[in-house]
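Visitor: Before anything else, here's the structure in question.
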Amino acid sequence: MKELAQEISARFNELGVEIPIGEIEERLDKMINKFKVPKEEARRSVVNYFLKSYNINRNEFYTGQSDSPVENISGATEDGKWLGVRGKVIQLWDNSHESISQVGLIGDETGTIKFTVWESANAPLVEENKSYLFKNVVVNEWNGKFQLNVNKTSSIESIDDDIEVGNATVGFSGAMVDIQSGSGLIKRCPECNRALTKGACMEHGKVDGVYDLRIKAVMDDGVSVQDAILKRDQVEDITGMTLESAIALAADALDQGVVLEQMKGSLVGRYYRIKGVRIDRYLLVESIESVFSYEQSELDELIAEAEVI
């Protein structure tokens, strides 16, 4: 906290304003320790307070600060550290928080990390499978996990580099015990690829969505539970249902929900081995295969006998 206060004080000194370190530390301490505000949000709030107190334009405060050095993603392991990263956006996640523009996963040759682009950053939207240079982003630690925050002082630039992402692939074997809402036949925004909610995109409003298949599965190995996300190609492989047949099924029933119900009927209770990258609570599935088990075989036999009877 002392280092953060000194950083803020030094920038104000460059503008000819001397603010006692103690005043800055006091405000930071109250926000971080008393009100449990994340460090970067506390920093922004304290800076804004003194900008207003001394009638300083925020553009004047932030303009002229040198860009943080570009580092490997594997080096983003220090809370509050400012850096730049060069990486490929692997996946964008659904987001319903009005103060957040985008949430996703970015990776480089050394690994992957979650990123959050705040609405206040006014940053351009990023797309999956494209490479970008994130400048002046800050590392935030939450529950022992690190992520990158793109805020007002940050910028995002599209680059042509084809970055090969290095991932630590992990495996999990167990029964698929549930398929969560937001699965099945869904629609995505054609502009930013977000899943639509009631036909609307958080960023672009009402749009003509593009159909896609997705499964948000819950796996259980008898000891632990793992949430997993399957993309279209994996969904088609394990269900035998193509995107086109899913669209036709929904059209016949006049209900998109029948696709999800059919998936639940054919998948829940069966055993699978999945591999992918674990990010927060999710495992982003790269491969999935059915696993034969005594329990599943016995269940299939009982069902077959019941049908004969």
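Each chain in the structure tokens gets a letter, A, B and so on, in the order shown; residues start at 1 in every chain, and ligands are counted from 1 in the order they appear.
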Pick out the residues sitting within 12 Å of Ile113 (chain A), and hand them over as a PyMOL selection string; count only C-alpha atoms, and ignore anything fewer than 2 positions along from it in its own chain.
Guide: chain A and resi 72-77+85-91+103-111+115-116+139-141+145-149+165-168+277-280
Visitor: Leu125 (chain A): which residues within 10 Å, counting only C-alpha atoms, same-chain residues fewer than 2 positions away excluded, as a list in words?
Guide: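 Close residues of Leu125 (chain A): Ser101, Gln102, Val117, Asn122, Ala123, Glu127, Ile156, Glu191, Cys192 and Glu203 of chain A.
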Visitor: List every residue of region 54-237 of chain A that DSSP, applied to the backbone, labels as strand (DSSP E or B), and write the result as JSON, numbers by chain.
Guide: {"A": [70, 82, 83, 84, 85, 86, 87, 88, 89, 90, 91, 92, 93, 100, 101, 102, 103, 104, 105, 106, 107, 108, 111, 112, 113, 114, 115, 116, 117, 118, 131, 132, 133, 134, 135, 136, 137, 138, 139, 140, 141, 142, 145, 146, 147, 148, 149, 150, 155, 156, 157, 158, 159, 170, 171, 172, 173, 174, 175, 176, 177, 178, 179, 184, 185, 186, 187, 188, 195, 197, 200, 201, 205, 206, 210, 211, 212, 213, 214, 215, 216, 217, 218, 219, 220, 225, 226, 227, 228, 229, 230]}
Visitor: I'd like the interatomic distance between CA of Val291 (chain A) and CA of Ala250 (chain A), to a tenth of an Å.
Guide: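 According to the coordinates, CA of Val291 (chain A) and CA of Ala250 (chain A) are separated by 29.3 Å.
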Visitor: Could you find all residues in region 54-192 of chain A that DSSP calls alpha helix (DSSP H) from the backbone, and write them as a list in words?
Guide: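 Secondary structure check on region 54-192 of chain A, alpha helix (DSSP H): Arg58, Asn59, Glu60, Phe61 and Tyr62 of chain A.
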Visitor: Between CA of Tyr54 (chain A) and CA of Gly16 (chain A), what is the distance, to one decimal in Å?
Guide: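 Atom-to-atom, CA of Tyr54 (chain A) and CA of Gly16 (chain A) are spaced 10.7 Å apart.
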Visitor: Quote the spacing between CA of Asn151 (chain A) and CA of Leu284 (chain A) in Å to one decimal place.
Guide: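 Value for the CA of Asn151 (chain A)-CA of Leu284 (chain A) distance: 26.0 Å.
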Visitor: As an mmCIF file with C-alpha atoms, in the first residue's frame, please: the residues near region 221-223 of chain A (cut-off 10 Å, only C-alpha atoms, same-chain neighbours under 4 positions excluded).
Guide:
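That gives us around.cif:
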data_model
loop_
_atom_site.group_PDB
_atom_site.id
_atom_site.type_symbol
_atom_site.label_atom_id
_atom_site.label_comp_id
_atom_site.auth_asym_id
_atom_site.auth_seq_id
_atom_site.Cartn_x
_atom_site.Cartn_y
_atom_site.Cartn_z
ATOM 1 C CA PHE A 172 -10.891 -35.189 -15.919
ATOM 2 C CA SER A 173 -12.941 -38.391 -16.072
ATOM 3 C CA GLY A 174 -16.408 -38.826 -14.638
ATOM 4 C CA ALA A 175 -20.133 -38.840 -15.194
ATOM 5 C CA MET A 176 -21.920 -35.910 -16.770
ATOM 6 C CA VAL A 177 -24.442 -35.235 -14.024
ATOM 7 C CA TYR A 271 -19.168 -41.305 -18.442
ATOM 8 C CA TYR A 272 -16.651 -39.192 -20.347
#
Visitor: For His97 (chain A), list every protein, DNA or RNA residue within 10 Å, evaluated using only C-alpha atoms, and leave out those in the same chain fewer than 2 positions away; present the list as a list of chain:residue names.
Guide: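 The residues that qualify are A:Asp94, A:Asn95, A:Ser99, A:Ile100, A:Ser101, A:Gln102, A:Trp118, A:Glu119, A:Met202.
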Visitor: Could you please take those selected residues and save C-alpha atoms as a PDB file, in the first residue's frame?
Guide:
ATOM      1  CA  ASP A  94     -20.890 -14.418 -21.411  1.00  0.00           C
ATOM      2  CA  ASN A  95     -21.108 -11.312 -19.282  1.00  0.00           C
ATOM      3  CA  SER A  99     -19.821  -2.060 -15.955  1.00  0.00           C
ATOM      4  CA  ILE A 100     -17.869  -4.738 -17.872  1.00  0.00           C
ATOM      5  CA  SER A 101     -17.426  -4.686 -21.643  1.00  0.00           C
ATOM      6  CA  GLN A 102     -15.816  -8.090 -22.230  1.00  0.00           C
ATOM      7  CA  TRP A 118     -14.094  -2.515 -18.118  1.00  0.00           C
ATOM      8  CA  GLU A 119     -16.754  -0.466 -19.900  1.00  0.00           C
ATOM      9  CA  MET A 202     -25.140  -6.448 -24.030  1.00  0.00           C
TER      10      MET A 202
END
Visitor: With only C-alpha atoms as the atoms that count, which of A:Ile24, A:Leu83, A:Val150, A:Val126 lies nearest to Ala5 (chain A)?
Guide: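 With only C-alpha atoms as the atom set, the closest residue is A:Ile24.
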Visitor: Please list as a list in words every residue within 12 Å of Glu26 (chain A), counting only C-alpha atoms and excluding residues in the same chain fewer than 2 positions away.
Guide: Met1, Lys2, Leu4, Ala5, Pro20, Ile21, Gly22, Glu23, Ile24, Leu28, Asp29, Lys30, Met31, Ile32, Asn33, Lys34, Ala42, Arg43 and Val46 of chain A
Visitor: Print the selection's residues with C-alpha atoms to a file, as a tab-separated table (two decimals), in the first residue's frame.
Guide:
chain	number	residue	atom	x	y	z
A	1	MET	CA	0.00	0.00	0.00
A	2	LYS	CA	2.90	2.33	0.73
A	4	LEU	CA	0.95	2.39	-4.33
A	5	ALA	CA	0.61	5.63	-2.35
A	20	PRO	CA	0.97	14.14	1.78
A	21	ILE	CA	1.66	10.41	1.54
A	22	GLY	CA	-0.29	9.90	4.75
A	23	GLU	CA	-3.51	11.25	3.23
A	24	ILE	CA	-3.22	8.92	0.27
A	28	LEU	CA	-6.31	3.52	0.35
A	29	ASP	CA	-6.37	1.72	3.70
A	30	LYS	CA	-10.02	2.56	4.29
A	31	MET	CA	-11.11	1.35	0.86
A	32	ILE	CA	-8.95	-1.77	0.65
A	33	ASN	CA	-9.02	-3.02	4.24
A	34	LYS	CA	-12.30	-1.67	5.59
A	42	ALA	CA	-9.26	1.65	-4.79
A	43	ARG	CA	-6.38	3.28	-6.67
A	46	VAL	CA	-8.36	7.70	-4.64
Visitor: Report as a compact mmCIF listing (two decimals) with N, CA and C atoms, in the first residue's frame all protein, DNA and RNA residues lying within 8 Å of region 258-260 of chain A, evaluated on only C-alpha atoms, omitting residues in the same chain fewer than 6 positions from it.
Guide:
# COMPACT_ATOMS: atom_id res chain seq x y z
N SER A 183 -27.16 -23.74 -22.44
CA SER A 183 -26.60 -24.79 -23.29
C SER A 183 -27.58 -25.11 -24.41
N GLY A 184 -27.13 -26.00 -25.30
CA GLY A 184 -27.99 -26.42 -26.40
C GLY A 184 -27.82 -25.54 -27.61
N LEU A 185 -28.94 -25.21 -28.24
CA LEU A 185 -28.94 -24.31 -29.40
C LEU A 185 -29.04 -22.88 -28.90
N ALA A 246 -30.10 -29.47 -35.39
CA ALA A 246 -30.62 -28.85 -34.17
C ALA A 246 -31.55 -27.69 -34.51
N LEU A 249 -34.79 -29.21 -35.70
CA LEU A 249 -35.54 -29.78 -34.58
C LEU A 249 -36.28 -28.67 -33.82
N ALA A 250 -35.59 -27.58 -33.58
CA ALA A 250 -36.19 -26.45 -32.86
C ALA A 250 -37.32 -25.82 -33.68
